[in-house]
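Peer 1: Sharing a structure, written as structure tokens. Questions coming.
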Amino acid sequence: MVNSSLSSNSPPDPTQTVVDAFDAPLLPPLPHPYSDYQRKFYNTDAALVIDFGSSHCRAGWSTEAEPRVVFDSIVAKYRERASKGGVAGRGNIHAGSLCHSNITAKANIKTPFDTDVINTIEYAEYILDYAFLNLGIDSPSIDHRVVMTEPAGNPCYSRNSMTELLFECYQVPSLTYGVDSLFSFYENNGGSMDTDGLVFSSGHHTSHIIPIFGGRGRVDLASRISFGGIPAADFMLKSMQLKFPTFPVKMSFGQAQHLMHTQTFFADDYPRFLRRIGPDADIDYFNSIDVTVQFPYTELTAEEKSAEELERIAQRRREQGERLRQQVQQQRKEKILQREIELDNLRDLKASKSMTNKLNFLRLLMDYDLETEADLDAAILTAETSLRRTREKLLGIDQPEEKAPPVFDLIDIPDDELSDDTKREKRKQKLLKAGIDARERARLAKEAELAIKEEQARKDEEFRKSDFQGWLEALRAKHSALTEKQRARKRLREQLADRRSHASQLRMKSIANLAREERIPAKRAKIREDGDDDFGANDNDWAVYRQINKEEDSDEEEEAAQLAQYEALLLEHDEEFQSEISAESNGFKPTKSFLQRFQFGTHFPNWEAMENIKAQHQLHVNVERARVPEVLFQPSILGLDQASPQEILASLFSRVDEATHLRMIKNVLLTGGFTQVPGLASRLEATIQSISPTGAPIRVRSASDPLLDAWKGASRFARHPKSISDFTSIFLTRSQYQEVGHDYCLEHGMGNWC
């Protein structure tokens with residue numbers, strides 16, 4: 001995936017806007033346990049430094065520059081499927097990178113954290129076991145001092161549980177905690193806390209603003225915003241799902257997270273950014289912002305077959321056709337035999353009339369579902385005709401069916417001369433004749449209309465050949481008039497949508513006047529004394545709407561087709577007519593509207609074509625690139641009822657004197673994984689400038705390594721603990737733990753206040 005460092009003032013390269021949805025970094029390899037513990041660290045003063053973050057756990061020795069093991073802070077605990085004998089499978093516990101080892105483990109991944117606070121100490125124990133195992137510690141206890149990070153404002157219950165675990169389970173000799181972001185400030189400040197400053201930390205789940213003055217981090221004045229990397233990725237995923245509800249591929253949370261990390265940026269001025277890509281967008285800037293995410297797809301390719309295979313297929317089809325013809329011939333022979341039998345039976349019934357009385361003959365007719373002798377004669381005629389046609393089809397004689405013209409012999413006869421049966425037949429003939437006459441009139445009208453159109457087309461063609469410039473000017477005038485008519489209708493609809501507009505007021509006056517005119521002749525014309533004229537109670541009142549909707553009754557589809565025809569002729573014959581000024585570019589078609597631009601970009605193929613599989617598997621990310629991280633400065637976008645950084649900093653600066661305020665804004669540090677999103681430093685600097693004295697010097701810098709500086713600061717702290725604190729000891733020893741219990745905490749300049 002293209003990785004572009006962006007800000008609102010430095011748009012990305014337009015040539016690097018197509019990214020691959022699955023171009024994400026591979027999973028980290030499984031760490032190999034170290035085997036040099038006995039040789040390098042056993043019985044030494046090296047402290048064990050653990051940065052226990054909600055995203056990753058980093059563990060190593062204070063005598064080294066970087067942590068030895070880094071892995072995800074996750075645990076997978078599951079039981080294998082039952083064996084064939086019905087015995088339940090064994091239980092498995094994986095931690096860290098081992099959770100990605102098989103699909104069953106991945107489906108049962110859990111974390112010991114609730115946001116950034118440990119709430120399941122059992123899972124934390126599994127993660128620490130995994131860290132100590134990969135560090136190569138093979139002794140029955142951990143005989144090293146432990147420095148562990150924790151979040152700002154960590155609850156006492158979480159710290160007490162971890163303290164009890166380390167002293168009781170691992171038998172550590174001493175232990176201390178520190179806030180991860182303060183350790184990062186300590187590292188980036190050269191191992192000193194004597195300088196006043198401000199830490200802006202944004203991590204996996206939350207963000208913190210912690211002031212530093214008086215030689216220590218003032219956690220009591222710190223503030224938390226419930227937004228970080230995971231909420232941002234979730235917001236990106238939901239935005240894409242809402243924007244593309246019918247996308248054929250399901251976007252995973254990992255893809256949304258990778259897209260958030262690589263393609264988002266903080267806009268220096270978010271309202272200005274929205275204006276630049278809004279309805280009156282700067283198209284070049286919009287194209288530079290728009291990123292196309294290509295998902296995998298399968299190209300539909302026609303299978304090419306050899307000539308021999310095509311011949312075999314054709315031969316198979318000929319054989320199948322021959323079999324079908326034989327089946328049809330056999331069916332026709334059977335049908336002829338069946339109809340000959342039916343015809344013989346009907347003829348025998350006709351001949352039996354002379355050999356039986358009338359009552360028995362009528363009974364025989366009823367057995368054949370016939371009522372009169374005329375019905376019998378009609379059935380015999382129908383059977384003879386059907387038998388003749390079937391025989392002709394069997395012999396291959398295809399004669400057109402001759403339909404006898406309908407007879408209307410009863411229409412002109414008066415009703416008093418007809419019986420009841422003939423009266424019913426007369427009504428049927430009238431309806432049939434009316435339908436035939438209507439179809440004939442419609443056919444003649446259509447032929448006349450077609451003739452008129454052909455004559456107009458002939459005259460137009462003669463006009464074009466005789467006077468091309470005049471014909472072109474007339475075509476331009478027709479196009480302009482029809483375009484202006486559509487624009488006027490659109491403006492009128494927009495005005496009518498506003499009830500305070502002049503058009504709406506005129507419309508209401510017309511309704512009232514028409515209603516009054518219609519009601520004056522009526523007996524109810526007089527308005528009641530209470531002022532209510534009960535308009536609408538009578539169905540005739542609603543007829544006034546039909547008199548004011550004449551403009552809306554026009555056939556817009558016919559006008560759109562006529563406009564498209566004009567544009568096709570202009571594009572063919574007028575060199576000055578450009579496609580950009582056509583109705584599609586003017587907004588009469590949806591393909592380049594404001595919403596379509598955000599969903600499909602400005603340079604997109606025919607996405608409606610079903611054969612364009614590539615375009616159907618593309619996502620366009622544009623406004624989301626700045627909207628997703630903007631939640632950090634405007635939590636209300638995500639529905640968070642929390643203060644923004646500007647409000648937090650304004651409240652903080654109001655609680656300190658001006659000199660401290662000016663010293664703090666000279667040393668602002670950004671740390672944490674989410675602060676790697678481009679543009680945060682300039683955005684935070686502008687925010688601080690808006691609430692600071694005019695001309696006050698402001699320095700906002702990023703940590704040298706936002707991901708590892710917390711561990712590095714803790715490592716430096718473990719080597720020189722007394723350089724930042726007036727306390728004689730900042731480590732809780734095992735003897736103190738046994739004496740005062742797990743809820744005892746020693747304070748220092750980089751820890752939480754207990």
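By order of appearance in the structure tokens: chains A, B, ..., then residues from 1 within every chain, and ligands from 1 in the order shown.
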Near stretch 88-103 of chain A, counting only C-alpha atoms, which residues have an atom at most 7 Å away, once you skip same-chain residues fewer than 2 positions from it, shown as a PyMOL selection string?
Peer 2: chain A and resi 30+71-83+86+105-107+109+126-127+130
Peer 1: Would you mind listing what lies within 12 Å of A:Arg491 as a list in words, with only C-alpha atoms counted and same-chain residues fewer than 6 positions away left out?
Peer 2: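 Returned residues: Glu484, Lys485, Ala497, Asp498, Ser501 and Ala503 of chain A.
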Peer 1: Please dump the current selection as a tab-separated table (two decimals), in the first residue's frame; keep all heavy atoms.
Peer 2:
```tsv
chain	number	residue	atom	x	y	z
A	484	GLU	N	-31.70	25.54	-20.21
A	484	GLU	CA	-32.16	26.59	-19.30
A	484	GLU	C	-33.51	26.23	-18.69
A	484	GLU	O	-33.79	26.55	-17.52
A	484	GLU	CB	-32.26	27.92	-20.06
A	484	GLU	CG	-32.65	29.10	-19.19
A	484	GLU	CD	-31.67	29.34	-18.04
A	484	GLU	OE1	-30.46	29.06	-18.24
A	484	GLU	OE2	-32.12	29.81	-16.97
A	485	LYS	N	-34.35	25.54	-19.44
A	485	LYS	CA	-35.65	25.11	-18.91
A	485	LYS	C	-35.46	24.13	-17.76
A	485	LYS	O	-36.15	24.21	-16.73
A	485	LYS	CB	-36.46	24.47	-20.03
A	485	LYS	CG	-37.88	24.10	-19.63
A	485	LYS	CD	-38.64	23.54	-20.81
A	485	LYS	CE	-40.06	23.17	-20.41
A	485	LYS	NZ	-40.82	22.60	-21.56
A	497	ALA	N	-39.07	24.29	-1.96
A	497	ALA	CA	-38.73	23.53	-0.75
A	497	ALA	C	-38.60	24.42	0.46
A	497	ALA	O	-38.71	23.96	1.60
A	497	ALA	CB	-37.44	22.75	-0.98
A	498	ASP	N	-38.36	25.72	0.23
A	498	ASP	CA	-38.27	26.69	1.32
A	498	ASP	C	-39.60	27.43	1.43
A	498	ASP	O	-39.99	28.17	0.52
A	498	ASP	CB	-37.12	27.67	1.04
A	498	ASP	CG	-36.92	28.65	2.19
A	498	ASP	OD1	-37.56	28.47	3.25
A	498	ASP	OD2	-36.11	29.59	2.03
A	501	SER	N	-39.65	31.29	0.89
A	501	SER	CA	-39.22	31.89	-0.37
A	501	SER	C	-40.40	32.57	-1.06
A	501	SER	O	-41.58	32.32	-0.78
A	501	SER	CB	-38.63	30.81	-1.28
A	501	SER	OG	-39.61	29.87	-1.64
A	503	ALA	N	-41.34	32.22	-4.17
A	503	ALA	CA	-42.08	31.27	-4.98
A	503	ALA	C	-43.10	30.49	-4.14
A	503	ALA	O	-44.23	30.26	-4.58
A	503	ALA	CB	-41.12	30.30	-5.68
```
Peer 1: Quick one: everything within 12 Å of A:Glu558, counting only C-alpha atoms, minus sequence neighbours fewer than 6 positions away in the same chain. Send it as a PDB file with N, CA and C atoms, in the first residue's frame.
Peer 2:
```pdb
ATOM      1  N   LEU A 482     -33.489  24.288 -23.919  1.00  0.00           N
ATOM      2  CA  LEU A 482     -33.899  23.125 -23.132  1.00  0.00           C
ATOM      3  C   LEU A 482     -33.073  23.007 -21.853  1.00  0.00           C
ATOM      4  N   GLN A 486     -34.532  23.200 -17.920  1.00  0.00           N
ATOM      5  CA  GLN A 486     -34.269  22.244 -16.839  1.00  0.00           C
ATOM      6  C   GLN A 486     -33.676  22.943 -15.626  1.00  0.00           C
ATOM      7  N   ALA A 564     -30.384  14.777 -24.791  1.00  0.00           N
ATOM      8  CA  ALA A 564     -29.296  13.863 -25.139  1.00  0.00           C
ATOM      9  C   ALA A 564     -29.115  13.773 -26.651  1.00  0.00           C
ATOM     10  N   GLN A 565     -30.222  13.832 -27.402  1.00  0.00           N
ATOM     11  CA  GLN A 565     -30.125  13.796 -28.864  1.00  0.00           C
ATOM     12  C   GLN A 565     -29.451  15.062 -29.390  1.00  0.00           C
TER      13      GLN A 565
END
```
Peer 1: Write out as a Markdown table a residue-level contact list of stretch 590-685 of chain A versus stretch 703-713 of chain A with cut-off 7 Å: for each qualifying residue the closest pair of atoms and the distance in Å to one decimal, counting only C-alpha atoms, rows sorted by chain and residue number upward.
Peer 2:
```
| residue | atom | partner | partner_atom | distance |
| --- | --- | --- | --- | --- |
| A:Leu669 | CA | A:Ala703 | CA | 6.4 |
| A:Leu670 | CA | A:Ala703 | CA | 5.8 |
| A:Thr671 | CA | A:Pro706 | CA | 4.8 |
| A:Gly672 | CA | A:Pro706 | CA | 4.9 |
| A:Gly673 | CA | A:Leu707 | CA | 5.7 |
```
Peer 1: Expressed in Å to a single decimal, how great is the separation between atom CA of A:His208 and atom CA of A:Ser715?
Peer 2: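 Calculated distance between atom CA of A:His208 and atom CA of A:Ser715 is 22.0 Å.
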Peer 1: Using DSSP on the backbone coordinates, identify the residues of stretch 103-325 of chain A assigned to alpha helix (DSSP H); present them as an NGL selection string.
Peer 2: :A and (103-106 or 121-135 or 156-164 or 180-188 or 229-243 or 253-263 or 270-276 or 283-289 or 307-325)
Peer 1: Can you work out which one of A:Val407, A:Ala560, A:Ala488, A:Ala568 has the shortest atom-to-atom distance to A:Leu475, counting only C-alpha atoms?
Peer 2: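 Comparing A:Val407, A:Ala560, A:Ala488, A:Ala568 against A:Leu475, the winner is A:Ala568.
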Peer 1: So how far away is atom CA of A:Asn119 from atom CA of A:Ser644, in Å?
Peer 2: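 Computing it gives 27.5 Å between the two atoms.
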Peer 1: Quote the spacing between atom CA of A:Ile380 and atom CA of A:Leu346 in Å to one decimal place.
Peer 2: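 Going from atom CA of A:Ile380 over to atom CA of A:Leu346, I get 6.3 Å.
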Peer 1: Could you list, as a PDB file with all heavy atoms, in the first residue's frame, every residue within 10 Å of A:Val179, counting only C-alpha atoms and ignoring same-chain residues fewer than 6 positions away?
Peer 2:
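Just written: around_1.pdb:
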```pdb
ATOM      1  N   ASP A  51       7.535  -2.812  29.308  1.00  0.00           N
ATOM      2  CA  ASP A  51       6.531  -1.837  28.863  1.00  0.00           C
ATOM      3  C   ASP A  51       5.278  -2.620  28.493  1.00  0.00           C
ATOM      4  O   ASP A  51       5.141  -3.126  27.380  1.00  0.00           O
ATOM      5  CB  ASP A  51       7.063  -1.043  27.671  1.00  0.00           C
ATOM      6  CG  ASP A  51       6.049  -0.010  27.162  1.00  0.00           C
ATOM      7  OD1 ASP A  51       5.079   0.256  27.893  1.00  0.00           O
ATOM      8  OD2 ASP A  51       6.234   0.499  26.040  1.00  0.00           O
ATOM      9  N   MET A 148       8.175  -1.373  35.523  1.00  0.00           N
ATOM     10  CA  MET A 148       7.039  -1.646  34.641  1.00  0.00           C
ATOM     11  C   MET A 148       6.255  -0.365  34.391  1.00  0.00           C
ATOM     12  O   MET A 148       6.096   0.463  35.297  1.00  0.00           O
ATOM     13  CB  MET A 148       6.122  -2.705  35.261  1.00  0.00           C
ATOM     14  CG  MET A 148       4.924  -3.074  34.401  1.00  0.00           C
ATOM     15  SD  MET A 148       3.989  -4.473  35.055  1.00  0.00           S
ATOM     16  CE  MET A 148       5.125  -5.808  34.727  1.00  0.00           C
ATOM     17  N   THR A 149       5.790  -0.217  33.154  1.00  0.00           N
ATOM     18  CA  THR A 149       4.977   0.952  32.798  1.00  0.00           C
ATOM     19  C   THR A 149       3.505   0.677  33.093  1.00  0.00           C
ATOM     20  O   THR A 149       3.058  -0.466  33.160  1.00  0.00           O
ATOM     21  CB  THR A 149       5.140   1.289  31.313  1.00  0.00           C
ATOM     22  OG1 THR A 149       4.631   0.221  30.523  1.00  0.00           O
ATOM     23  CG2 THR A 149       6.599   1.521  30.965  1.00  0.00           C
ATOM     24  N   GLU A 150       2.759   1.756  33.247  1.00  0.00           N
ATOM     25  CA  GLU A 150       1.316   1.699  33.445  1.00  0.00           C
ATOM     26  C   GLU A 150       0.710   2.972  32.877  1.00  0.00           C
ATOM     27  O   GLU A 150       1.414   3.970  32.674  1.00  0.00           O
ATOM     28  CB  GLU A 150       0.969   1.549  34.928  1.00  0.00           C
ATOM     29  CG  GLU A 150       1.406   2.712  35.788  1.00  0.00           C
ATOM     30  CD  GLU A 150       1.025   2.529  37.256  1.00  0.00           C
ATOM     31  OE1 GLU A 150       0.455   1.483  37.590  1.00  0.00           O
ATOM     32  OE2 GLU A 150       1.294   3.442  38.056  1.00  0.00           O
ATOM     33  N   PRO A 151      -0.591   2.969  32.584  1.00  0.00           N
ATOM     34  CA  PRO A 151      -1.213   4.182  32.028  1.00  0.00           C
ATOM     35  C   PRO A 151      -1.422   5.242  33.095  1.00  0.00           C
ATOM     36  O   PRO A 151      -1.399   4.959  34.302  1.00  0.00           O
ATOM     37  CB  PRO A 151      -2.550   3.669  31.488  1.00  0.00           C
ATOM     38  CG  PRO A 151      -2.861   2.490  32.350  1.00  0.00           C
ATOM     39  CD  PRO A 151      -1.530   1.851  32.655  1.00  0.00           C
ATOM     40  N   ALA A 152      -1.613   6.467  32.640  1.00  0.00           N
ATOM     41  CA  ALA A 152      -1.897   7.555  33.575  1.00  0.00           C
ATOM     42  C   ALA A 152      -3.236   7.306  34.260  1.00  0.00           C
ATOM     43  O   ALA A 152      -4.215   6.928  33.627  1.00  0.00           O
ATOM     44  CB  ALA A 152      -1.923   8.891  32.826  1.00  0.00           C
ATOM     45  N   GLY A 153      -3.258   7.493  35.577  1.00  0.00           N
ATOM     46  CA  GLY A 153      -4.474   7.273  36.336  1.00  0.00           C
ATOM     47  C   GLY A 153      -4.846   5.813  36.462  1.00  0.00           C
ATOM     48  O   GLY A 153      -6.039   5.488  36.533  1.00  0.00           O
ATOM     49  N   ASN A 154      -3.867   4.920  36.476  1.00  0.00           N
ATOM     50  CA  ASN A 154      -4.150   3.494  36.588  1.00  0.00           C
ATOM     51  C   ASN A 154      -4.864   3.199  37.912  1.00  0.00           C
ATOM     52  O   ASN A 154      -4.420   3.621  38.985  1.00  0.00           O
ATOM     53  CB  ASN A 154      -2.834   2.705  36.519  1.00  0.00           C
ATOM     54  CG  ASN A 154      -3.062   1.221  36.379  1.00  0.00           C
ATOM     55  OD1 ASN A 154      -4.013   0.786  35.750  1.00  0.00           O
ATOM     56  ND2 ASN A 154      -2.182   0.435  36.968  1.00  0.00           N
ATOM     57  N   GLY A 217       5.744  14.801  36.766  1.00  0.00           N
ATOM     58  CA  GLY A 217       4.533  14.825  35.972  1.00  0.00           C
ATOM     59  C   GLY A 217       3.320  15.010  36.855  1.00  0.00           C
ATOM     60  O   GLY A 217       3.109  14.231  37.795  1.00  0.00           O
ATOM     61  N   VAL A 219       0.099  14.261  37.268  1.00  0.00           N
ATOM     62  CA  VAL A 219      -0.992  13.399  36.836  1.00  0.00           C
ATOM     63  C   VAL A 219      -2.321  13.873  37.401  1.00  0.00           C
ATOM     64  O   VAL A 219      -3.383  13.589  36.836  1.00  0.00           O
ATOM     65  CB  VAL A 219      -0.693  11.936  37.233  1.00  0.00           C
ATOM     66  CG1 VAL A 219      -1.759  10.996  36.697  1.00  0.00           C
ATOM     67  CG2 VAL A 219       0.673  11.512  36.732  1.00  0.00           C
ATOM     68  N   ALA A 710       8.998   4.877  25.499  1.00  0.00           N
ATOM     69  CA  ALA A 710       8.537   4.580  26.857  1.00  0.00           C
ATOM     70  C   ALA A 710       9.420   3.501  27.484  1.00  0.00           C
ATOM     71  O   ALA A 710       9.818   3.612  28.656  1.00  0.00           O
ATOM     72  CB  ALA A 710       7.074   4.136  26.832  1.00  0.00           C
ATOM     73  N   ALA A 714      12.113   4.041  30.580  1.00  0.00           N
ATOM     74  CA  ALA A 714      12.095   3.192  31.769  1.00  0.00           C
ATOM     75  C   ALA A 714      13.441   2.520  31.990  1.00  0.00           C
ATOM     76  O   ALA A 714      13.886   2.340  33.130  1.00  0.00           O
ATOM     77  CB  ALA A 714      10.987   2.141  31.628  1.00  0.00           C
ATOM     78  N   GLY A 749       8.706  11.024  40.476  1.00  0.00           N
ATOM     79  CA  GLY A 749       8.332  12.066  39.520  1.00  0.00           C
ATOM     80  C   GLY A 749       7.706  11.573  38.242  1.00  0.00           C
ATOM     81  O   GLY A 749       7.112  12.369  37.507  1.00  0.00           O
ATOM     82  N   MET A 750       7.810  10.287  37.932  1.00  0.00           N
ATOM     83  CA  MET A 750       7.255   9.777  36.683  1.00  0.00           C
ATOM     84  C   MET A 750       6.185   8.713  36.912  1.00  0.00           C
ATOM     85  O   MET A 750       5.872   7.947  36.008  1.00  0.00           O
ATOM     86  CB  MET A 750       8.371   9.202  35.805  1.00  0.00           C
ATOM     87  CG  MET A 750       9.227  10.296  35.189  1.00  0.00           C
ATOM     88  SD  MET A 750      10.505   9.643  34.152  1.00  0.00           S
ATOM     89  CE  MET A 750      11.504   8.818  35.357  1.00  0.00           C
ATOM     90  N   GLY A 751       5.641   8.666  38.090  1.00  0.00           N
ATOM     91  CA  GLY A 751       4.609   7.681  38.382  1.00  0.00           C
ATOM     92  C   GLY A 751       3.286   8.332  38.708  1.00  0.00           C
ATOM     93  O   GLY A 751       3.159   9.563  38.808  1.00  0.00           O
ATOM     94  N   ASN A 752       2.278   7.485  38.884  1.00  0.00           N
ATOM     95  CA  ASN A 752       0.966   7.964  39.317  1.00  0.00           C
ATOM     96  C   ASN A 752       1.008   8.333  40.796  1.00  0.00           C
ATOM     97  O   ASN A 752       1.783   7.770  41.575  1.00  0.00           O
ATOM     98  CB  ASN A 752      -0.085   6.877  39.090  1.00  0.00           C
ATOM     99  CG  ASN A 752      -0.472   6.743  37.634  1.00  0.00           C
ATOM    100  OD1 ASN A 752      -0.937   7.700  37.012  1.00  0.00           O
ATOM    101  ND2 ASN A 752      -0.271   5.562  37.066  1.00  0.00           N
TER     102      ASN A 752
END
```
Peer 1: Out of A:Leu395, A:Ala650, A:Val700, A:Met355, which residue has the shortest atom-to-atom distance to A:Val199 when counting only C-alpha atoms?
Peer 2: A:Val700
Peer 1: If we count only C-alpha atoms, what is near stretch 53-70 of chain A at a cut-off of 8 Å, once residues fewer than 3 positions away on the same chain are taken out, given as an MDAnalysis selection string?
Peer 2: chainID A and resid 31 46:50 73 113 115:117 131 134:135 149:150 204:205 708 711:712 715:716 718:719
